[in-house]
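To keep things clear, I will list the structure first and then write my remarks on it.
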Amino acid sequence: MIDLKKNDIHIDLTKMEKKFSGLQDKKIFLNWFLSALKKSTIINKRRHIAICPICNEKNFLLHEGNKVISKYEYRVPDGEINFIVDSSILHLVSVHSLVPDRSLIAALENLYCKSPEN
């Protein structure tokens with residue numbers, strides 16, 4: 001099932017480059033990020049196997065407990081537009097310490113609460 005709207009914009013996760021300054025900053029941000037994403041809508045559950053472009057793993061894992069991340073997308077509303085983010089962002093943040101785009105963080109802040117400084 002594909003659930004797309006006219007005002008949906010996909011976030012390109014391959015452009016994530018900035019990394020956290022330390023392990024503690026990453027842990028604090030990740031806890032906030034997971035809580036904030038729970039306030040968004042899950043759409044487009046998928047069955048395909050995606051491979052991480054960084055570590056070449058077939059399954060995207062969440063760092064804590066090596067849990068396999070289900071394949072789906074999040075819809076994060078941001079006023080006139082909606083950001084569509086693949087669930088692999090959880091792997092990229094938790095395992096590879098990449099920081100999401102500032103516009104996505106701002107949209108999640110509007111939905112949840114202000115993010116911890118990183």
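Labels for the structure tokens follow display order: chains A, B, ..., residues from 1 in each chain, ligands from 1.
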Strand (DSSP E or B) call set, DSSP backbone run, region 56-118 of chain A, as a list in words: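 Restricting region 56-118 of chain A to strand (DSSP E or B) produces Leu61, Leu62, Lys67, Val68, Glu73, Tyr74, Arg75, Val76, Pro77, Asp78, Ile81, Asn82, Phe83, Ile84, Val85, Asp86 and Leu98 of chain A.
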I need the residues from that last selection saved to file as a CSV table (one decimal), in the first residue's frame (with all heavy atoms), if you can.
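Listing of out-v1.csv after writing:
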```
chain,number,residue,atom,x,y,z
A,61,LEU,N,19.8,-2.4,11.5
A,61,LEU,CA,19.7,-2.7,12.9
A,61,LEU,C,19.7,-1.4,13.7
A,61,LEU,O,20.3,-0.4,13.4
A,61,LEU,CB,20.9,-3.5,13.4
A,61,LEU,CG,21.1,-4.9,12.6
A,61,LEU,CD1,22.4,-5.5,13.1
A,61,LEU,CD2,19.9,-5.8,12.8
A,62,LEU,N,19.0,-1.5,14.9
A,62,LEU,CA,19.0,-0.4,15.8
A,62,LEU,C,20.1,-0.8,16.8
A,62,LEU,O,20.3,-1.9,17.2
A,62,LEU,CB,17.7,-0.4,16.6
A,62,LEU,CG,17.4,0.9,17.4
A,62,LEU,CD1,17.4,2.1,16.6
A,62,LEU,CD2,16.0,0.7,18.1
A,67,LYS,N,18.3,-4.8,17.3
A,67,LYS,CA,17.0,-5.1,16.8
A,67,LYS,C,16.9,-4.7,15.4
A,67,LYS,O,17.3,-3.7,15.0
A,67,LYS,CB,15.9,-4.3,17.6
A,67,LYS,CG,15.8,-4.7,19.1
A,67,LYS,CD,14.7,-3.9,19.8
A,67,LYS,CE,14.7,-4.3,21.2
A,67,LYS,NZ,13.8,-3.5,22.0
A,68,VAL,N,16.3,-5.6,14.6
A,68,VAL,CA,16.1,-5.3,13.2
A,68,VAL,C,14.9,-4.3,13.0
A,68,VAL,O,13.9,-4.4,13.7
A,68,VAL,CB,15.7,-6.6,12.4
A,68,VAL,CG1,15.4,-6.2,10.9
A,68,VAL,CG2,16.8,-7.6,12.4
A,73,GLU,N,7.9,3.9,6.2
A,73,GLU,CA,8.2,5.3,6.1
A,73,GLU,C,7.4,6.1,7.2
A,73,GLU,O,6.3,5.7,7.5
A,73,GLU,CB,7.9,5.9,4.8
A,73,GLU,CG,8.8,5.3,3.7
A,73,GLU,CD,8.4,5.8,2.3
A,73,GLU,OE1,7.2,5.9,2.0
A,73,GLU,OE2,9.4,6.2,1.5
A,74,TYR,N,8.0,7.2,7.6
A,74,TYR,CA,7.3,8.1,8.6
A,74,TYR,C,6.8,9.3,7.7
A,74,TYR,O,7.5,9.8,6.9
A,74,TYR,CB,8.2,8.6,9.6
A,74,TYR,CG,8.7,7.6,10.6
A,74,TYR,CD1,10.0,7.0,10.5
A,74,TYR,CD2,7.9,7.2,11.7
A,74,TYR,CE1,10.5,6.1,11.4
A,74,TYR,CE2,8.4,6.3,12.6
A,74,TYR,CZ,9.7,5.8,12.5
A,74,TYR,OH,10.1,4.9,13.4
A,75,ARG,N,5.6,9.8,8.1
A,75,ARG,CA,5.2,11.1,7.6
A,75,ARG,C,5.2,12.1,8.7
A,75,ARG,O,4.6,11.9,9.7
A,75,ARG,CB,3.8,11.0,7.0
A,75,ARG,CG,3.3,12.4,6.5
A,75,ARG,CD,1.9,12.4,6.0
A,75,ARG,NE,1.9,11.8,4.6
A,75,ARG,CZ,1.2,10.8,4.2
A,75,ARG,NH1,0.3,10.2,5.1
A,75,ARG,NH2,1.3,10.3,3.0
A,76,VAL,N,6.1,13.1,8.6
A,76,VAL,CA,6.3,14.1,9.6
A,76,VAL,C,5.7,15.5,9.0
A,76,VAL,O,6.3,16.0,8.1
A,76,VAL,CB,7.7,14.3,10.0
A,76,VAL,CG1,7.9,15.4,11.1
A,76,VAL,CG2,8.3,13.0,10.4
A,77,PRO,N,4.6,15.9,9.5
A,77,PRO,CA,4.0,17.2,9.0
A,77,PRO,C,4.8,18.4,9.4
A,77,PRO,O,5.4,18.5,10.5
A,77,PRO,CB,2.6,17.2,9.7
A,77,PRO,CG,2.8,16.4,10.9
A,77,PRO,CD,3.8,15.4,10.6
A,78,ASP,N,4.9,19.3,8.5
A,78,ASP,CA,5.6,20.6,8.7
A,78,ASP,C,4.9,21.7,8.0
A,78,ASP,O,5.4,22.3,7.0
A,78,ASP,CB,7.1,20.5,8.2
A,78,ASP,CG,7.9,21.7,8.7
A,78,ASP,OD1,7.7,22.2,9.8
A,78,ASP,OD2,8.8,22.1,7.9
A,81,ILE,N,3.9,21.3,4.1
A,81,ILE,CA,4.5,20.1,3.5
A,81,ILE,C,4.6,19.0,4.6
A,81,ILE,O,4.4,19.3,5.8
A,81,ILE,CB,5.9,20.4,2.9
A,81,ILE,CG1,6.9,20.8,4.0
A,81,ILE,CG2,5.9,21.4,1.8
A,81,ILE,CD1,8.3,20.8,3.6
A,82,ASN,N,4.8,17.8,4.1
A,82,ASN,CA,5.0,16.7,4.9
A,82,ASN,C,6.4,16.1,4.5
A,82,ASN,O,6.6,15.9,3.4
A,82,ASN,CB,4.0,15.6,4.8
A,82,ASN,CG,2.6,16.0,5.1
A,82,ASN,OD1,2.4,16.6,6.2
A,82,ASN,ND2,1.7,15.8,4.2
A,83,PHE,N,7.2,15.8,5.5
A,83,PHE,CA,8.5,15.1,5.2
A,83,PHE,C,8.2,13.6,5.3
A,83,PHE,O,7.6,13.1,6.2
A,83,PHE,CB,9.6,15.5,6.2
A,83,PHE,CG,10.0,16.9,6.1
A,83,PHE,CD1,9.8,17.8,7.2
A,83,PHE,CD2,10.7,17.4,5.0
A,83,PHE,CE1,10.3,19.1,7.1
A,83,PHE,CE2,11.1,18.7,4.9
A,83,PHE,CZ,10.9,19.5,5.9
A,84,ILE,N,8.7,12.9,4.3
A,84,ILE,CA,8.6,11.4,4.3
A,84,ILE,C,10.0,10.9,4.5
A,84,ILE,O,10.9,11.2,3.8
A,84,ILE,CB,8.0,10.9,2.9
A,84,ILE,CG1,6.7,11.5,2.6
A,84,ILE,CG2,8.0,9.4,2.9
A,84,ILE,CD1,5.6,11.3,3.6
A,85,VAL,N,10.2,10.1,5.6
A,85,VAL,CA,11.5,9.6,6.0
A,85,VAL,C,11.4,8.1,6.1
A,85,VAL,O,10.6,7.5,6.8
A,85,VAL,CB,11.9,10.2,7.4
A,85,VAL,CG1,13.3,9.8,7.7
A,85,VAL,CG2,11.7,11.7,7.4
A,86,ASP,N,12.4,7.4,5.5
A,86,ASP,CA,12.5,6.0,5.5
A,86,ASP,C,13.0,5.6,6.9
A,86,ASP,O,13.7,6.3,7.6
A,86,ASP,CB,13.5,5.5,4.5
A,86,ASP,CG,13.5,4.0,4.3
A,86,ASP,OD1,12.7,3.5,3.5
A,86,ASP,OD2,14.3,3.4,5.1
A,98,LEU,N,25.0,9.5,12.4
A,98,LEU,CA,24.7,10.6,11.5
A,98,LEU,C,23.6,11.5,12.1
A,98,LEU,O,22.7,10.9,12.7
A,98,LEU,CB,24.4,10.1,10.1
A,98,LEU,CG,25.5,9.4,9.4
A,98,LEU,CD1,25.0,8.8,8.1
A,98,LEU,CD2,26.7,10.3,9.2
```
Exercise: region 24-38 of chain A partners within 8 Å, only C-alpha atoms, chain neighbours under 3 positions left out, as an MDAnalysis selection string: chainID A and resid 20:21 41 74 76 93:94 97 108:109 111:113 115:118
If you keep C-alpha atoms, can you produce a file of those selected residues as a JSON list (two decimals), in the first residue's frame?
```json
[["chain", "number", "residue", "atom", "x", "y", "z"],
["A", 20, "PHE", "CA", 27.54, 13.75, 16.84],
["A", 21, "SER", "CA", 30.33, 15.28, 18.88],
["A", 41, "THR", "CA", 2.40, 8.66, 11.16],
["A", 74, "TYR", "CA", 7.29, 8.09, 8.55],
["A", 76, "VAL", "CA", 6.26, 14.15, 9.59],
["A", 93, "VAL", "CA", 21.49, 7.73, 13.58],
["A", 94, "SER", "CA", 21.97, 4.91, 16.09],
["A", 97, "SER", "CA", 26.02, 8.48, 14.39],
["A", 108, "LEU", "CA", 9.71, 16.94, 14.87],
["A", 109, "GLU", "CA", 10.14, 19.74, 17.43],
["A", 111, "LEU", "CA", 5.21, 17.76, 16.68],
["A", 112, "TYR", "CA", 6.85, 16.68, 19.94],
["A", 113, "CYS", "CA", 9.09, 19.10, 21.85],
["A", 115, "SER", "CA", 15.31, 18.71, 20.71],
["A", 116, "PRO", "CA", 18.33, 18.49, 23.01],
["A", 117, "GLU", "CA", 21.27, 20.52, 21.78],
["A", 118, "ASN", "CA", 23.72, 18.51, 19.67]]
```
CA of Lys6 (chain A) to CA of Lys18 (chain A), distance in Å rounded to a single decimal: 29.7 Å
Alpha helix (DSSP H) call set, DSSP backbone run, chain A, as a PyMOL selection string: chain A and resi 23-37+89-94+102-111
For CA of Ile11 (chain A) and CA of Arg46 (chain A), the interatomic separation in Å (one decimal):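 Distance between the two atoms: 17.1 Å.
Compared by their closest atoms to His63 (chain A), and using only C-alpha atoms, the residues A:Val95, A:Ile89, A:Ala107, A:Ala50 rank with A:Val95 nearest.
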Which of A:Asn110, A:Val99, A:Ile43, A:Asn56 sits closest to Lys5 (chain A) [using only C-alpha atoms]: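 With only C-alpha atoms as the atom set, the closest residue is A:Ile43.
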Closest of A:Pro100, A:Asn59, A:Glu80, A:Ile51 to Ile9 (chain A) - atom-to-atom distances counting only C-alpha atoms: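 Once distances to Ile9 (chain A) are computed over only C-alpha atoms, the minimum belongs to A:Glu80.
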For CA of Lys19 (chain A) and CA of Lys39 (chain A), the interatomic separation in Å (one decimal): 24.4 Å
